Amino acid sequence: MSRREFLVGSGATALLTTLPGFVTQAAVAEPQPMRHFSLRPGKASTQLAPGKYPMTPVWAYNQSVPGPQIRLIQGDRVRIAVENALDEETTVHWHGLRVPHAMDGVPHLTQTPIGSNKHFVYEFDVPDAGTYWYHPHQRSAEQVGRGLYGPLIIEEREPITVDRDVTWILDDWRLKSDARISDDFANRHDMSHNGRIGNTVTINGLAPGNFRVRQGERIRLRLINAANARIFALNFQDHQPQIIALDGQPVTPHEPANRTVVLGPAMRVDLVLDLTGDPDTRFTITDTFYSGLEYELIDVVYGPESLRSNALDSPIALPANTLPEPLMAGITRHQIRFNGGMMGQMMMGDGNNMMAMMREGKMWFINGVAASGHVMDPLLTLERDQSYLIELINDTAWHHPIHLHGHSFRVVSRNGKPTPHQEWQDTVLMAPEEQVEITLVADNPGDWMFHCHILEHQAAGMMGIIRVS
Ligand code: C2O
Ligand code: CU
């Protein structure tokens with residue numbers, strides 16, 4: 001059995017945590033509430049397609065891509081010691097977790113970056129169950145693009161019943177023919193178009209082979225998009241999954257719109273997948289996001305044995321997290337506009353500033369300003385514990401997954417129409433020219449990053465700060 005088959009086909013959650021790439025130090029029983037982990041970002045090498053590609057030099061946490069799974073239970077307190085073995089500064093950001101400002105991992109804004117051979121200890125409580133991930137926030141386009149990321153899973157205190165709980169962390173690499181990573185990070189073309197789209201998609205650090213299942217099996221599939229720029233739209237053929245959580249936050253279980261599960265960079269989707277096919281059959285999960293560039297992601301292969309002939313009918317709705325509910329009566333409204341990028345042969349942006357900004361490599365603007373570095377004047381200042389509705393306007397010809405740190409927000413409308421699920425997100429994917437309204441209670445004090453998670457767009461200015469004071 002290949003490592004791939006073992007990784008995705010192993011019997012139980014408990015097993016998964018002991019696999020290579022998923023070494024969970026907390027598996028060594030540690031009395032709650034404090035759980036300990038350590039992360040060591042440094043150089044490593046890995047075989048992205050065993051038997052097919054030679055080794056690829058990467059940057060990785062604890063010598064493994066993805067980095068070790070950090071798996072906790074809702075309400076835990078965790079201490080994560082980071083020892084930087086890279087030749088440059090780094091930080092670790094806990095994407096989507098509502099942590100205190102000082103633990104958010106943004107260089108110069110929430111902490112001094114961790115120098116080469118220096119260390120830093122993060123410590124926080126985990127208020128929300130769900131699927132999250134971690135990655136550096138320092139020169140993210142290159143540091144994440146070279147392999148620095150890992151899954152961060154917070155289990156519910158009373159999880160739903162499934163046969164297997166499986167995490168797939170998706171990535172997209174730009175490899176040269178010798179399987180080395182192409183060094184052209186943050187080049188002007190990627191920055192002004194749709195970011196660094198690669199040529200090799202991996203699941204849990206490996207080019208996908210087969211995913212082995214059994215008839216009647218119910219799988220909770222946690223999808224995490226760790227790619228710099230690639231957007232996925234996964235189609236499960238006639239196995240329609242149910243979406244049970246978005247960006248870690250529970251949502252009323254529903255089938256995906258247009259039969260595809262869409263994940264912009266940094267987004268997560270939890271699915272319940274009932275494997276109702278016959279033994280010894282198979283089907284293919286395809287990615288159809290970029291038209292004309294559809295491809296087969298992975299084959300789902302039924303073994304000869306059957307687990308049960310009918311799907312489970314136990315409930316799949318997850319218990320809600322304790323997010324503060326925005327009060328719509330008298331809510332304060334703000335508007336934020338995104339511009340820039342290429343449109344035909346022209347850069348679209350704020351006319352006067354544009355040429356000067358472009359000379360500095362800035363190509364994207366929020367409310368007419370391109371960020372350079374993580375410290376700047378806030379786009380908005382919100383009063384603590386007040387409710388806000390923010391209208392986001394994408395005045396560009398490109399998709400943007402827009403991420404706010406320190407909070408989750410409700411996506412309440414798109415192009416003036418209420419969203420059917422009023423979902424909580426921390427990263428909202430905006431289509432070209434789309435208008436999206438979000439609501440939140442600004443309950444976490446600090447200066448919070450607000451940026452596009454296409455990491456080349458972020459590097460080219462699409463970043464700002466929302467202050468909660
Ligand atoms: Cu996933 Cu500002 O980060
Ligand atoms: Cu963007």
# chains A, B, ... in the order shown; residues from 1 in each chain; ligands from 1
>>> residues_near_ligand(ligand="ligand 2", cutoff="9 Å", atoms="only C-alpha atoms and all ligand atoms", output="list of chain:residue names")
A:Met191, A:His193, A:Asn194, A:Gly195, A:Ala229, A:Phe338, A:Gly341, A:Trp364, A:Trp398, A:His399, A:His400, A:Pro401, A:Ile402, A:Met430, A:His451, A:Cys452, A:His453, A:Ile454, A:Leu455, A:Glu456, A:His457, A:Gln458, A:Met462
>>> select_by_dssp(residues="segment 136-236 of chain A", states="strand (DSSP E)", output="VMD selection string")
chain A and resid 150 to 155 164 to 173 200 to 203 210 to 215 218 to 225 232 to 235
>>> write_last_selection(atoms="N, CA and C atoms", output="mmCIF file, in the first residue's frame")
data_model
loop_
_atom_site.group_PDB
_atom_site.id
_atom_site.type_symbol
_atom_site.label_atom_id
_atom_site.label_comp_id
_atom_site.auth_asym_id
_atom_site.auth_seq_id
_atom_site.Cartn_x
_atom_site.Cartn_y
_atom_site.Cartn_z
ATOM 1 N N GLY A 150 0.088 24.185 7.735
ATOM 2 C CA GLY A 150 -0.351 22.930 8.342
ATOM 3 C C GLY A 150 -1.785 23.047 8.835
ATOM 4 N N PRO A 151 -2.435 21.889 9.070
ATOM 5 C CA PRO A 151 -3.831 21.876 9.515
ATOM 6 C C PRO A 151 -3.965 22.092 11.021
ATOM 7 N N LEU A 152 -5.034 22.761 11.398
ATOM 8 C CA LEU A 152 -5.331 23.054 12.796
ATOM 9 C C LEU A 152 -6.803 22.711 12.992
ATOM 10 N N ILE A 153 -7.055 21.606 13.668
ATOM 11 C CA ILE A 153 -8.421 21.077 13.766
ATOM 12 C C ILE A 153 -8.889 21.182 15.214
ATOM 13 N N ILE A 154 -10.044 21.803 15.405
ATOM 14 C CA ILE A 154 -10.621 21.886 16.748
ATOM 15 C C ILE A 154 -11.884 21.029 16.760
ATOM 16 N N GLU A 155 -11.840 19.963 17.519
ATOM 17 C CA GLU A 155 -12.994 19.062 17.572
ATOM 18 C C GLU A 155 -14.096 19.635 18.448
ATOM 19 N N ARG A 164 -15.335 8.079 9.406
ATOM 20 C CA ARG A 164 -13.959 8.594 9.332
ATOM 21 C C ARG A 164 -13.982 10.102 9.282
ATOM 22 N N ASP A 165 -12.998 10.705 9.919
ATOM 23 C CA ASP A 165 -12.834 12.160 9.885
ATOM 24 C C ASP A 165 -11.512 12.402 9.157
ATOM 25 N N VAL A 166 -11.610 12.950 7.951
ATOM 26 C CA VAL A 166 -10.444 13.030 7.052
ATOM 27 C C VAL A 166 -10.173 14.493 6.719
ATOM 28 N N THR A 167 -8.912 14.893 6.771
ATOM 29 C CA THR A 167 -8.535 16.250 6.374
ATOM 30 C C THR A 167 -7.748 16.202 5.070
ATOM 31 N N TRP A 168 -8.168 17.013 4.116
ATOM 32 C CA TRP A 168 -7.406 17.185 2.876
ATOM 33 C C TRP A 168 -6.967 18.630 2.798
ATOM 34 N N ILE A 169 -5.672 18.851 2.879
ATOM 35 C CA ILE A 169 -5.156 20.197 2.729
ATOM 36 C C ILE A 169 -4.596 20.313 1.311
ATOM 37 N N LEU A 170 -5.259 21.130 0.520
ATOM 38 C CA LEU A 170 -4.948 21.244 -0.907
ATOM 39 C C LEU A 170 -3.879 22.305 -1.129
ATOM 40 N N ASP A 171 -2.973 22.037 -2.049
ATOM 41 C CA ASP A 171 -1.977 23.042 -2.417
ATOM 42 C C ASP A 171 -1.732 22.944 -3.918
ATOM 43 N N ASP A 172 -1.076 23.955 -4.427
ATOM 44 C CA ASP A 172 -0.816 24.089 -5.858
ATOM 45 C C ASP A 172 0.600 24.618 -5.998
ATOM 46 N N TRP A 173 1.470 23.823 -6.577
ATOM 47 C CA TRP A 173 2.895 24.163 -6.654
ATOM 48 C C TRP A 173 3.261 24.550 -8.069
ATOM 49 N N THR A 200 1.089 21.806 -10.260
ATOM 50 C CA THR A 200 1.032 20.512 -9.567
ATOM 51 C C THR A 200 0.174 20.664 -8.317
ATOM 52 N N VAL A 201 -0.977 20.029 -8.324
ATOM 53 C CA VAL A 201 -1.863 20.097 -7.167
ATOM 54 C C VAL A 201 -1.568 18.914 -6.245
ATOM 55 N N THR A 202 -1.473 19.187 -4.948
ATOM 56 C CA THR A 202 -1.274 18.094 -3.993
ATOM 57 C C THR A 202 -2.380 18.100 -2.943
ATOM 58 N N ILE A 203 -2.603 16.905 -2.378
ATOM 59 C CA ILE A 203 -3.476 16.748 -1.211
ATOM 60 C C ILE A 203 -2.582 16.202 -0.100
ATOM 61 N N ASN A 210 -5.298 7.270 -5.388
ATOM 62 C CA ASN A 210 -6.677 6.843 -5.145
ATOM 63 C C ASN A 210 -7.067 7.093 -3.700
ATOM 64 N N PHE A 211 -8.325 7.366 -3.490
ATOM 65 C CA PHE A 211 -8.876 7.477 -2.144
ATOM 66 C C PHE A 211 -9.801 6.284 -1.944
ATOM 67 N N ARG A 212 -9.421 5.405 -1.021
ATOM 68 C CA ARG A 212 -10.160 4.151 -0.849
ATOM 69 C C ARG A 212 -11.298 4.305 0.158
ATOM 70 N N VAL A 213 -12.453 3.819 -0.234
ATOM 71 C CA VAL A 213 -13.645 3.926 0.617
ATOM 72 C C VAL A 213 -14.391 2.596 0.619
ATOM 73 N N ARG A 214 -15.417 2.524 1.475
ATOM 74 C CA ARG A 214 -16.254 1.332 1.524
ATOM 75 C C ARG A 214 -17.713 1.721 1.324
ATOM 76 N N GLN A 215 -18.457 0.833 0.722
ATOM 77 C CA GLN A 215 -19.882 1.103 0.508
ATOM 78 C C GLN A 215 -20.563 1.429 1.838
ATOM 79 N N ARG A 218 -19.664 6.808 5.879
ATOM 80 C CA ARG A 218 -19.898 8.250 5.989
ATOM 81 C C ARG A 218 -18.595 8.913 6.433
ATOM 82 N N ILE A 219 -18.139 9.854 5.613
ATOM 83 C CA ILE A 219 -16.867 10.531 5.885
ATOM 84 C C ILE A 219 -17.118 12.007 6.127
ATOM 85 N N ARG A 220 -16.507 12.537 7.177
ATOM 86 C CA ARG A 220 -16.428 13.991 7.318
ATOM 87 C C ARG A 220 -15.137 14.408 6.644
ATOM 88 N N LEU A 221 -15.279 15.154 5.572
ATOM 89 C CA LEU A 221 -14.119 15.558 4.786
ATOM 90 C C LEU A 221 -13.870 17.039 5.024
ATOM 91 N N ARG A 222 -12.713 17.322 5.634
ATOM 92 C CA ARG A 222 -12.354 18.712 5.927
ATOM 93 C C ARG A 222 -11.404 19.179 4.843
ATOM 94 N N LEU A 223 -11.861 20.103 4.020
ATOM 95 C CA LEU A 223 -11.039 20.629 2.929
ATOM 96 C C LEU A 223 -10.446 21.969 3.350
ATOM 97 N N ILE A 224 -9.145 22.118 3.109
ATOM 98 C CA ILE A 224 -8.450 23.371 3.416
ATOM 99 C C ILE A 224 -7.696 23.777 2.156
ATOM 100 N N ASN A 225 -7.880 24.997 1.699
ATOM 101 C CA ASN A 225 -7.132 25.465 0.530
ATOM 102 C C ASN A 225 -5.925 26.278 0.982
ATOM 103 N N PHE A 232 -10.414 26.411 -6.080
ATOM 104 C CA PHE A 232 -10.902 25.083 -6.456
ATOM 105 C C PHE A 232 -12.428 25.091 -6.542
ATOM 106 N N ALA A 233 -12.968 24.346 -7.478
ATOM 107 C CA ALA A 233 -14.416 24.111 -7.553
ATOM 108 C C ALA A 233 -14.576 22.610 -7.761
ATOM 109 N N LEU A 234 -14.815 21.887 -6.670
ATOM 110 C CA LEU A 234 -14.777 20.431 -6.722
ATOM 111 C C LEU A 234 -16.155 19.864 -7.010
ATOM 112 N N ASN A 235 -16.152 18.932 -7.949
ATOM 113 C CA ASN A 235 -17.386 18.288 -8.364
ATOM 114 C C ASN A 235 -17.285 16.798 -8.025
#
>>> residues_near_ligand(ligand="ligand 1", cutoff="8 Å", atoms="only C-alpha atoms and all ligand atoms", output="PyMOL selection string")
chain A and resi 93-96+106+133-135+137+266+403-405+449-451+453
>>> write_last_selection(atoms="N, CA and C atoms", output="CSV table (one decimal), in the first residue's frame")
chain,number,residue,atom,x,y,z
A,93,HIS,N,0.7,32.5,11.8
A,93,HIS,CA,-0.7,33.0,12.0
A,93,HIS,C,-1.6,31.9,12.0
A,94,TRP,N,-2.6,31.9,12.9
A,94,TRP,CA,-3.6,30.8,13.1
A,94,TRP,C,-4.8,31.2,12.4
A,95,HIS,N,-4.9,30.8,11.1
A,95,HIS,CA,-5.9,31.4,10.2
A,95,HIS,C,-7.3,31.0,10.6
A,96,GLY,N,-8.1,32.1,10.9
A,96,GLY,CA,-9.5,31.9,11.3
A,96,GLY,C,-9.8,31.7,12.7
A,106,VAL,N,1.2,38.5,13.2
A,106,VAL,CA,1.5,39.4,12.1
A,106,VAL,C,2.7,40.3,12.4
A,133,TRP,N,-6.2,26.5,9.9
A,133,TRP,CA,-4.9,26.1,9.4
A,133,TRP,C,-3.9,27.2,9.9
A,134,TYR,N,-2.6,26.9,9.8
A,134,TYR,CA,-1.6,27.9,10.2
A,134,TYR,C,-0.6,28.1,9.1
A,135,HIS,N,-0.1,29.3,9.1
A,135,HIS,CA,0.9,29.6,8.1
A,135,HIS,C,1.7,30.9,8.5
A,137,HIS,N,3.1,34.8,8.3
A,137,HIS,CA,2.5,36.0,7.7
A,137,HIS,C,3.7,36.9,7.2
A,266,ALA,N,-7.2,29.9,1.3
A,266,ALA,CA,-7.4,30.1,2.7
A,266,ALA,C,-8.8,29.6,3.2
A,403,HIS,N,-10.0,38.3,3.5
A,403,HIS,CA,-9.8,37.7,4.9
A,403,HIS,C,-9.7,38.8,5.9
A,404,LEU,N,-10.5,38.7,7.0
A,404,LEU,CA,-10.3,39.5,8.2
A,404,LEU,C,-9.8,38.7,9.3
A,405,HIS,N,-8.8,39.2,10.0
A,405,HIS,CA,-8.2,38.6,11.2
A,405,HIS,C,-9.1,38.8,12.4
A,449,MET,N,-5.5,42.7,10.5
A,449,MET,CA,-5.2,42.6,9.1
A,449,MET,C,-6.5,42.3,8.3
A,450,PHE,N,-6.6,42.9,7.2
A,450,PHE,CA,-7.8,42.7,6.3
A,450,PHE,C,-7.2,42.7,4.9
A,451,HIS,N,-7.2,41.5,4.3
A,451,HIS,CA,-6.4,41.5,3.0
A,451,HIS,C,-6.9,40.4,2.1
A,453,HIS,N,-6.4,37.0,0.2
A,453,HIS,CA,-5.6,35.9,0.4
A,453,HIS,C,-5.0,35.2,-0.8
>>> residues_around(residues="Ala85 of chain A", least_positions_apart="4", cutoff="6 Å", atoms="only C-alpha atoms", output="list in words")
Pro41, Gly42 and Asn117 of chain A
>>> closest_residue(among="A:Asp184, A:Ala129, A:Arg40, A:Lys417", to="Ile114 of chain A", atoms="only C-alpha atoms")
A:Arg40
>>> residues_around(residues="Val375 of chain A", least_positions_apart="5", cutoff="9 Å", atoms="only C-alpha atoms", output="list of chain:residue names")
A:Pro107, A:His108, A:Leu109, A:Gly464, A:Ile465
>>> write_last_selection(atoms="N, CA and C atoms", output="tab-separated table (two decimals), in the first residue's frame")
chain	number	residue	atom	x	y	z
A	107	PRO	N	3.76	40.17	11.56
A	107	PRO	CA	5.02	40.84	11.89
A	107	PRO	C	4.84	42.35	12.01
A	108	HIS	N	5.49	42.92	13.00
A	108	HIS	CA	5.51	44.35	13.28
A	108	HIS	C	4.18	44.89	13.78
A	109	LEU	N	3.07	44.20	13.48
A	109	LEU	CA	1.76	44.69	13.92
A	109	LEU	C	1.35	44.05	15.24
A	464	GLY	N	-5.05	45.92	4.27
A	464	GLY	CA	-5.29	47.09	5.10
A	464	GLY	C	-5.51	46.65	6.54
A	465	ILE	N	-5.90	47.61	7.35
A	465	ILE	CA	-6.11	47.33	8.78
A	465	ILE	C	-7.50	47.78	9.17
>>> closest_residue(among="A:Met357, A:Ile231, A:Ala226, A:Met343", to="Glu294 of chain A", atoms="only C-alpha atoms")
A:Ile231
>>> residues_around(residues="Leu148 of chain A", least_positions_apart="4", cutoff="6 Å", atoms="only C-alpha atoms", output="list in words")
Trp59, Ala60, His135, Gln143 and Val144 of chain A
>>> write_last_selection(atoms="C-alpha atoms", output="PDB file, in the first residue's frame")
ATOM      1  CA  TRP A  59      10.494  25.020   3.419  1.00  0.00           C
ATOM      2  CA  ALA A  60       8.481  23.060   5.945  1.00  0.00           C
ATOM      3  CA  HIS A 135       0.928  29.600   8.054  1.00  0.00           C
ATOM      4  CA  GLN A 143       7.073  31.224   2.645  1.00  0.00           C
ATOM      5  CA  VAL A 144       3.658  29.613   2.122  1.00  0.00           C
TER       6      VAL A 144
END
>>> atom_distance(atom1="atom CA of Met363 of chain A", atom2="atom CA of Leu263 of chain A")
24.0 Å
>>> closest_residue(among="A:Pro256, A:Pro265, A:Pro324, A:Gly209", to="Ile298 of chain A", atoms="only C-alpha atoms")
A:Gly209
>>> residues_around(residues="Gln47 of chain A", least_positions_apart="3", cutoff="8 Å", atoms="only C-alpha atoms", output="PDB file with C-alpha atoms, in the first residue's frame")
ATOM      1  CA  PRO A  50       6.596   9.300  -5.009  1.00  0.00           C
ATOM      2  CA  TYR A  53       9.102  12.963  -9.253  1.00  0.00           C
ATOM      3  CA  PRO A  54      12.526  13.358  -7.649  1.00  0.00           C
ATOM      4  CA  MET A  55      12.806  15.190  -4.324  1.00  0.00           C
ATOM      5  CA  THR A  56      11.624  18.784  -4.128  1.00  0.00           C
ATOM      6  CA  LEU A 206       1.248  14.365  -2.264  1.00  0.00           C
TER       7      LEU A 206
END
>>> residues_around(residues="Ile390 of chain A", least_positions_apart="5", cutoff="9 Å", atoms="only C-alpha atoms", output="VMD selection string")
chain A and resid 332 to 336 436 to 440
>>> closest_residue(among="A:Asp270, A:Asp238, A:Glu89, A:Asp104", to="Ser140 of chain A", atoms="only C-alpha atoms")
A:Glu89
>>> atom_distance(atom1="atom CA of Gln69 of chain A", atom2="atom CA of Glu158 of chain A")
20.3 Å
>>> closest_residue(among="A:His36, A:Arg282, A:Lys118, A:Arg188", to="Arg359 of chain A", atoms="only C-alpha atoms")
A:Arg188
>>> closest_residue(among="A:Gly461, A:Val82, A:Ala141, A:Ser408", to="Thr322 of chain A", atoms="only C-alpha atoms")
A:Ser408
>>> atom_distance(atom1="atom CA of Ile181 of chain A", atom2="atom CA of Thr91 of chain A")
21.9 Å
>>> decode(residues="segment 236-284 of chain A", atoms="C-alpha atoms", output="compact mmCIF listing (two decimals), in the first residue's frame")
# COMPACT_ATOMS: atom_id res chain seq x y z
CA PHE A 236 -18.24 14.93 -6.76
CA GLN A 237 -20.21 13.57 -9.74
CA ASP A 238 -23.37 11.85 -8.49
CA HIS A 239 -22.13 11.72 -4.87
CA GLN A 240 -23.64 14.96 -3.71
CA PRO A 241 -21.94 15.95 -0.43
CA GLN A 242 -23.57 18.06 2.29
CA ILE A 243 -21.75 21.19 3.40
CA ILE A 244 -21.81 21.32 7.22
CA ALA A 245 -19.29 24.08 7.96
CA LEU A 246 -17.58 26.96 6.16
CA ASP A 247 -14.33 28.43 7.44
CA GLY A 248 -14.76 26.33 10.57
CA GLN A 249 -18.20 27.74 11.41
CA PRO A 250 -21.25 25.44 11.30
CA VAL A 251 -23.86 26.10 8.64
CA THR A 252 -27.26 24.46 8.08
CA PRO A 253 -26.34 21.30 6.15
CA HIS A 254 -26.99 21.85 2.47
CA GLU A 255 -25.89 20.66 -0.94
CA PRO A 256 -23.39 22.91 -2.71
CA ALA A 257 -24.78 25.39 -5.22
CA ASN A 258 -24.24 24.33 -8.85
CA ARG A 259 -23.06 20.95 -7.56
CA THR A 260 -19.58 22.30 -6.88
CA VAL A 261 -17.72 22.96 -3.66
CA VAL A 262 -15.86 26.24 -4.14
CA LEU A 263 -12.78 27.08 -2.09
CA GLY A 264 -10.81 30.26 -2.59
CA PRO A 265 -7.33 30.44 -1.09
CA ALA A 266 -7.42 30.06 2.73
CA MET A 267 -11.04 28.91 2.77
CA ARG A 268 -12.20 25.70 4.42
CA VAL A 269 -15.26 23.57 3.79
CA ASP A 270 -16.38 20.63 5.95
CA LEU A 271 -18.42 18.08 4.05
CA VAL A 272 -20.36 14.99 4.99
CA LEU A 273 -19.88 12.54 2.17
CA ASP A 274 -22.04 9.41 2.12
CA LEU A 275 -20.41 6.76 -0.05
CA THR A 276 -23.48 5.14 -1.52
CA GLY A 277 -21.92 3.48 -4.57
CA ASP A 278 -21.51 -0.24 -5.12
CA PRO A 279 -18.44 -2.25 -4.06
CA ASP A 280 -15.66 -2.36 -6.67
CA THR A 281 -16.82 0.81 -8.43
CA ARG A 282 -15.11 4.19 -8.58
CA PHE A 283 -15.74 7.83 -9.36
CA THR A 284 -13.58 10.88 -9.94
